[in-house]
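File shown here: structure02.txt, holding compact mmCIF, C-alpha atoms.
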```txt
# COMPACT_ATOMS: atom_id res chain seq x y z
CA ILE A 18 34.15 -21.08 134.17
CA ILE A 19 35.18 -24.63 133.17
CA ALA A 20 31.68 -26.05 133.76
CA PHE A 21 29.86 -23.04 132.25
CA ASN A 22 31.92 -23.30 129.02
CA LYS A 23 31.80 -27.15 129.01
CA LEU A 24 35.60 -27.43 129.09
CA GLU A 25 35.65 -31.02 130.37
CA ASP A 26 39.44 -31.28 130.02
CA GLY A 27 39.94 -27.75 131.39
CA VAL A 28 41.84 -26.65 128.28
CA LEU A 29 41.02 -23.53 126.28
CA ARG A 30 42.06 -23.84 122.63
CA ALA A 31 43.06 -21.10 120.16
CA GLY A 32 40.04 -19.54 118.49
CA GLN A 33 37.61 -20.92 121.09
CA SER A 34 35.20 -18.47 122.74
CA LEU A 35 35.04 -18.22 126.51
CA THR A 36 32.14 -16.88 128.54
CA ILE A 37 32.66 -15.68 132.10
CA PRO A 38 29.47 -16.16 134.15
CA ASP A 39 28.20 -12.92 135.72
CA GLY A 40 30.93 -11.02 133.85
CA GLU A 41 30.45 -7.48 132.59
CA PRO A 42 30.01 -7.04 128.80
CA LEU A 43 32.69 -5.18 126.93
CA ALA A 44 32.14 -1.49 126.30
CA PRO A 45 31.02 -0.75 122.73
CA PRO A 46 33.86 0.31 120.45
CA ALA A 47 34.50 4.03 120.20
CA PRO A 48 32.99 5.62 117.09
CA LYS A 49 35.40 6.03 114.19
CA ARG A 50 36.87 9.49 113.80
CA ARG A 51 36.02 11.35 110.66
CA ILE A 52 39.16 12.83 109.13
CA ILE A 53 38.53 16.15 107.44
CA PRO A 54 40.65 16.75 104.32
CA GLN A 55 43.60 19.17 104.67
CA ILE A 56 44.05 18.38 108.37
CA ILE A 57 47.23 16.46 109.12
CA ASP A 58 46.45 13.42 111.27
CA THR A 59 48.84 11.48 113.49
CA PRO A 60 50.97 9.13 111.37
CA ARG A 61 49.50 5.64 111.04
CA THR A 62 52.13 3.06 111.90
CA ALA A 63 52.20 -0.35 113.53
CA THR A 64 53.01 1.18 116.94
CA GLY A 65 51.07 4.41 116.46
CA GLU A 66 54.31 6.41 116.61
CA THR A 67 56.13 8.08 113.76
CA PHE A 68 58.46 6.00 111.63
CA PHE A 69 62.20 5.92 112.26
CA TRP A 70 64.09 7.95 109.62
CA PRO A 71 65.53 5.29 107.24
CA THR A 72 69.11 6.65 107.14
CA THR A 73 71.40 9.03 109.05
CA CYS A 74 71.34 11.51 106.16
CA LYS A 75 68.60 14.14 105.88
CA HIS A 76 69.06 15.47 102.32
CA ILE A 77 65.87 14.85 100.34
CA SER A 78 66.88 14.77 96.68
CA GLN A 79 63.38 14.07 95.34
CA ARG A 80 60.00 14.32 97.05
CA PHE A 81 56.87 12.21 96.71
CA ARG A 82 54.82 13.36 93.69
CA GLY A 83 52.08 10.74 93.49
CA TRP A 84 52.28 8.52 90.42
CA LEU A 85 55.11 10.69 89.02
CA HIS A 86 57.42 9.69 91.88
CA THR A 87 56.03 7.20 94.40
CA GLY A 88 58.50 7.67 97.23
CA LEU A 89 61.01 9.88 98.94
CA ASP A 90 64.64 9.91 97.76
CA ILE A 91 67.14 10.55 100.54
CA ALA A 92 70.69 11.10 99.24
CA CYS A 93 73.76 9.98 101.12
CA GLY A 94 77.13 8.38 100.54
CA PHE A 95 77.63 4.91 99.16
CA GLY A 96 77.46 2.21 101.84
CA ASN A 97 75.66 4.25 104.52
CA SER A 98 73.32 2.20 106.71
CA LEU A 99 69.61 1.92 106.01
CA TYR A 100 67.27 1.33 108.94
CA ALA A 101 63.86 -0.32 109.34
CA ALA A 102 61.37 2.51 109.76
CA GLU A 103 59.16 0.30 111.94
CA ARG A 104 59.14 -3.23 113.32
CA GLY A 105 57.87 -5.86 110.92
CA THR A 106 58.62 -8.88 108.77
CA ILE A 107 60.78 -8.89 105.63
CA VAL A 108 58.50 -10.01 102.79
CA GLN A 109 60.65 -9.25 99.71
CA THR A 110 64.33 -8.77 98.96
CA GLY A 111 66.37 -8.69 95.77
CA TRP A 112 66.18 -7.11 92.35
CA ALA A 113 63.07 -5.35 91.02
CA PRO A 114 62.86 -3.30 87.80
CA GLY A 115 63.54 0.39 88.44
CA TYR A 116 64.22 -0.13 92.16
CA GLY A 117 67.34 -2.24 91.70
CA ASN A 118 68.08 -4.13 94.89
CA ARG A 119 65.19 -3.52 97.26
CA ILE A 120 63.64 -4.65 100.54
CA VAL A 121 59.94 -4.65 101.47
CA ILE A 122 58.87 -4.84 105.12
CA ASP A 123 55.31 -5.72 106.17
CA HIS A 124 54.42 -3.85 109.37
CA GLY A 125 50.95 -5.35 109.77
CA GLY A 126 47.72 -3.41 109.46
CA ASN A 127 48.06 -3.31 105.64
CA LEU A 128 51.15 -1.10 105.97
CA LYS A 129 54.47 -1.78 104.21
CA THR A 130 57.69 0.10 103.52
CA LEU A 131 60.03 -0.30 100.55
CA TYR A 132 63.74 0.59 100.41
CA GLY A 133 65.21 0.79 96.89
CA HIS A 134 68.60 1.23 95.14
CA ILE A 135 70.49 -0.84 97.76
CA GLN A 136 74.10 -1.50 96.85
CA GLN A 137 75.12 -4.84 95.33
CA GLY A 138 75.60 -7.27 98.23
CA GLY A 139 74.15 -4.69 100.63
CA ILE A 140 70.95 -6.48 101.69
CA LEU A 141 71.56 -7.57 105.31
CA VAL A 142 68.22 -9.32 106.01
CA ASN A 143 66.30 -12.32 104.67
CA VAL A 144 62.68 -12.94 103.68
CA GLY A 145 60.71 -14.08 106.73
CA GLN A 146 63.02 -12.37 109.19
CA ASN A 147 61.45 -10.14 111.85
CA VAL A 148 63.14 -6.77 112.29
CA SER A 149 62.85 -4.10 114.95
CA LYS A 150 62.35 -0.38 114.49
CA GLY A 151 65.74 1.23 113.78
CA GLN A 152 67.52 -2.04 112.95
CA ILE A 153 70.13 -1.87 110.16
CA ILE A 154 68.70 -3.74 107.16
CA ALA A 155 70.87 -2.68 104.21
CA LEU A 156 73.59 -0.47 102.77
CA MET A 157 72.84 2.49 100.49
CA GLY A 158 73.75 2.21 96.85
CA SER A 159 72.71 3.21 93.36
CA THR A 160 71.29 0.07 91.69
CA GLY A 161 68.39 0.05 89.24
CA ARG A 162 67.19 3.28 87.64
CA SER A 163 69.18 5.65 89.82
CA THR A 164 71.14 8.88 89.33
CA GLY A 165 73.37 8.56 92.39
CA GLN A 166 73.67 7.11 95.87
CA HIS A 167 70.36 7.39 97.71
CA VAL A 168 67.56 5.35 99.18
CA HIS A 169 64.18 5.40 97.49
CA PHE A 170 61.80 5.05 100.47
CA GLU A 171 58.12 4.21 99.98
CA VAL A 172 55.19 3.80 102.35
CA ILE A 173 52.47 1.53 101.01
CA GLU A 174 49.12 1.48 102.81
CA TYR A 175 46.38 -0.86 101.56
CA GLY A 176 48.38 -1.23 98.33
CA THR A 177 48.55 2.52 97.66
CA ARG A 178 51.79 4.53 97.73
CA LYS A 179 51.53 7.32 100.31
CA ASN A 180 53.71 10.36 101.00
CA PRO A 181 56.40 9.08 103.40
CA LEU A 182 56.69 12.51 105.04
CA ASP A 183 53.21 11.93 106.50
CA TYR A 184 54.68 9.01 108.47
CA LEU A 185 58.15 10.25 109.37
```
If you convert what's in this file into structure tokens, what do you get?
Amino acid sequence: IIAFNKLEDGVLRAGQSLTIPDGEPLAPPAPKRRIIPQIIDTPRTATGETFFWPTTCKHISQRFRGWLHTGLDIACGFGNSLYAAERGTIVQTGWAPGYGNRIVIDHGGNLKTLYGHIQQGGILVNVGQNVSKGQIIALMGSTGRSTGQHVHFEVIEYGTRKNPLDYL
């Protein structure tokens, strides 16, 4: 393998191709599935599993309504824990108009989640930090344009807000 690939120093470097003499070629990729409208597909997440519910409370106070309401509001008491729905990297924290204190997690694969209305001083993570699925990231509040204690939870895929219930 070293001689065939002309690796005089015997070191393979990142991004370098490697050919294995007399090796078998890879199988061609499976054809892409065609998703027929109105059929619910398996949720698309970084691990292929459903997302972790972002709080211990289950009361949905407002549902996703497209551009009219771009997320899912889950009501609960002030200071309740908010959890990362999936593993990923914190890419934004802090104040944003309408959302108040918010966190955005990048899960890879052009998939992000947003958690809004976090209480003042309730953000428990930092930009650049890696988090695991189910990890406590914040405390519920009512900052920004909010009518009570809840988390505004969004799923953003390829820059488009999607119905979080399709992922939970």
*For A:His124, the nearest of the candidates A:Gly176, A:Ser34, A:Arg104, A:Gly139, counting only C-alpha atoms*: A:Arg104
*atom CA of A:Arg162 to atom CA of A:Gly115, distance in Å rounded to a single decimal*: 4.7 Å
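Going from atom CA of A:Thr177 to atom CA of A:Ser98 covers 26.4 Å.
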*Rank nothing, just name the residue among A:Glu174, A:Lys150, A:Val168, A:Ile140 nearest to A:Ile77, using all atoms listed in the file.*
A:Val168
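You can rank A:Pro181, A:Pro114, A:Gly138, A:Gly125 by their closest distance to A:Ser163 using all atoms listed in the file, and at the top of that list sits A:Pro114.
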*Leaving out A:Ala102 and any residue of its chain fewer than 2 positions from it, which residues lie within 8 Å of it when counting only C-alpha atoms, given as a VMD selection string?*
chain A and resid 68 to 71 100 104 130 150 to 151
Can you list, as a CSV table (one decimal) with C-alpha atoms, in the frame of the given file, every protein, DNA or RNA residue that comes within 12 Å of A:Leu156 when you count all atoms listed in the file, leaving out same-chain residues fewer than 4 positions away?
```csv
chain,number,residue,atom,x,y,z
A,71,PRO,CA,65.5,5.3,107.2
A,72,THR,CA,69.1,6.6,107.1
A,73,THR,CA,71.4,9.0,109.0
A,93,CYS,CA,73.8,10.0,101.1
A,94,GLY,CA,77.1,8.4,100.5
A,95,PHE,CA,77.6,4.9,99.2
A,96,GLY,CA,77.5,2.2,101.8
A,97,ASN,CA,75.7,4.2,104.5
A,98,SER,CA,73.3,2.2,106.7
A,99,LEU,CA,69.6,1.9,106.0
A,100,TYR,CA,67.3,1.3,108.9
A,101,ALA,CA,63.9,-0.3,109.3
A,118,ASN,CA,68.1,-4.1,94.9
A,119,ARG,CA,65.2,-3.5,97.3
A,120,ILE,CA,63.6,-4.6,100.5
A,132,TYR,CA,63.7,0.6,100.4
A,133,GLY,CA,65.2,0.8,96.9
A,134,HIS,CA,68.6,1.2,95.1
A,135,ILE,CA,70.5,-0.8,97.8
A,136,GLN,CA,74.1,-1.5,96.8
A,137,GLN,CA,75.1,-4.8,95.3
A,138,GLY,CA,75.6,-7.3,98.2
A,139,GLY,CA,74.2,-4.7,100.6
A,140,ILE,CA,71.0,-6.5,101.7
A,141,LEU,CA,71.6,-7.6,105.3
A,142,VAL,CA,68.2,-9.3,106.0
A,152,GLN,CA,67.5,-2.0,113.0
A,160,THR,CA,71.3,0.1,91.7
A,166,GLN,CA,73.7,7.1,95.9
A,167,HIS,CA,70.4,7.4,97.7
A,168,VAL,CA,67.6,5.4,99.2
```
*Computed interatomic separation between atom CA of A:Gly105 and atom CA of A:His169 (Å)*: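 About the pair atom CA of A:Gly105 and atom CA of A:His169: they are 18.6 Å apart.
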*Using all atoms listed in the file, which residues sit within 12 Å of A:Thr87 once same-chain residues fewer than 2 positions away are excluded, as a list in words?*
Gln79, Arg80, Phe81, Arg82, Gly83, Trp84, Leu85, Leu89, Asp90, Gly115, Tyr116, Thr130, Leu131, Tyr132, Gly133, His169, Phe170, Glu171, Val172, Ile173, Thr177, Arg178, Lys179, Asn180, Pro181 and Leu182 of chain A
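With distances restricted to all atoms listed in the file, A:Ile18 is the closest residue to A:Asp39 from A:Gln109, A:Ile18, A:Asn147, A:Lys23.
Compared by their closest atoms to A:Asn143, and using all atoms listed in the file, the residues A:Thr106, A:Ser78, A:Thr67, A:Asn22 rank with A:Thr106 nearest.
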*Determine the nearest neighbour of A:Ile37 from the options A:Ile19, A:His76, A:Ile154, A:Leu24, counting all atoms listed in the file.*
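Checking each candidate against A:Ile37, we get A:Ile19 as the closest.
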